[in-house]
Structures are given as structure tokens and as C-alpha cells.
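Engineer: First the structure, which I've put down as C-alpha cells, then a few questions once you've had a look.
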Amino acid sequence: SELAITNAIVKVSRAKDPVVFYSTGHGELNLKNNENEGGTYLSQLLVQGSYDLRLIKLSAYSELPNFVAALVIWGPKQGFHPIELEVIKNYIKRGGRLMVALDPNVENDKVKDLRKLLIELGVEIENNLVVDRLKHINGSNGSVPMLDRYNSEHPITKEFKGQVFFPLVS
């Protein structure tokens with residue numbers, strides 16, 4: 001496929017794969033779980049895309065190494081320790097890259113300190129909920145939007161089939 005060829009070209013054109021640290025220990029998406037909410041597919045895509053994916057606990061670091069190309073925090077359910085937040089802040093201030101996915105804050109916000117740090121770093125955080133009254137899972141009253149049609153010409157979505165659900169997406 002075009003994607004496989006592109007990934008092969010990228011792989012042979014660089015000296016080593018970029019290292020991506022994936023935060024664990026706060027209830028983040030589990031990259032080793034094959035269940036519906038597991039992240040093995042995401043993990044496979046990153047590895048196939050020639051990324052050196054490493055699961056880490058931020059609490060084990062006083063500073064992230066310079067070789068880290070990006071830090072991913074995906075759907076944490078528990079709060080971060082102030083020292084972990086300082087590690088994230090210092091990494092970003094050194095020019096590091098951060099990808100964060102946060103669930104909407106509909107009740108007790110367990111990651112409010114992470115949200116505050118992101119706002120401090122210039123990331124706008126909106127606390128909203130996507131509701132789709134036309135295309136949703138039955139019984140969800142629109143709070144679980146569903147996609148079932150994709151752009152068949154776009155390289156990312158051309159082979160998508162079936163339905164994708166977005167429970168409580170912000």
C-alpha cells in the first residue's frame with residue numbers, strides 16, 4: 001500500500017526511529033490491551049510508522065532525556081503529582097513535543113492540575129461535550145456520536161470500514 005511504501009522510505013532515510021514516550025500510571029489508554037478500549041491498534045500504527053514507542057512512568061524521571069521526540073498522554077483518569085507536572089513543563093519549555101487527549105470534565109476533575117499546566121503553556125482547553133442528535137448509538141441520547149462514512153480518497157480514511165464510536169468526546 002501507499003502507506004507501507006511511505007513508511008519504508010521514511011525508515012531508510014533516517015539514522016534511527018524517533019523515540020516517543022507514552023505516559024502510564026494515571027489510567028491512560030492501555031497500549032497492550034486488545035479489548036474495545038485498548039490501544040494496541042494505536043501502538044501498532046506508531047511502531048509501523050517507524051516510531052520507537054516506550055511506555056514510561058513520569059514519576060521515574062526528574063527530567064525527560066533530550067532524545068525524546070514526543071511525549072504522549074492519552075486519556076488520564078487520575079491526577080499527576082506536582083513533580084510529574086514539573087517534568088512535563090520543563091520538557092515543553094526545552095522545545096519538547098506533547099500530545100494530550102483529555103476526557104471532558106463532567107463531574108470531579110481528577111486531572112485539573114494537568115489542565116492548568118496546559119493552559120499555562122498556552123493550550124486552550126474547552127470543557128464541552130459533542131452531542132449528535134442524528135448519528136449516535138441507540139440509547140445514548142446523542143452523547144456517543146458515530147461515524148460510518150469516510151472519505152474513500154483520503155490516504156488516512158480510504159480503507160476505513162464499519163462504524164467508529166466516540167463516547168463522551170469533547
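Labels for the C-alpha cells follow display order: chains A, B, ..., residues from 1 in each chain, ligands from 1.
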Determine which residues of stretch 24-88 of chain A receive a DSSP assignment of helix (DSSP H, G or I), computed from the backbone, and state them as a list in words.
Structural biologist: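 In stretch 24-88 of chain A, DSSP puts these residues in helix (DSSP H, G or I): Thr40, Tyr41, Leu42, Ser43, Gln44, Leu45, Leu46, Val47, Gln48, Leu58, Ser59, Ala60, Pro82, Ile83, Glu84, Leu85, Glu86, Val87 and Ile88 of chain A.
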Engineer: Just want the 10 Å neighbourhood of A:Leu134, counted on only C-alpha atoms, with same-chain residues fewer than 6 positions away dropped. Output as an MDAnalysis selection string.
Structural biologist: chainID A and resid 141:142 145:146
Engineer: Please run DSSP on the backbone and report, as number ranges by chain, all residues within stretch 99-155 of chain A that come out as strand (DSSP E or B).
Structural biologist: A: 99-101, 136, 145-147
Engineer: Of the candidates A:Leu98, A:Val164, A:Val72, A:Leu117, which one gets nearest to A:His136 if we count only C-alpha atoms?
Structural biologist: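 Using only C-alpha atoms, the shortest distance to A:His136 belongs to A:Val164.
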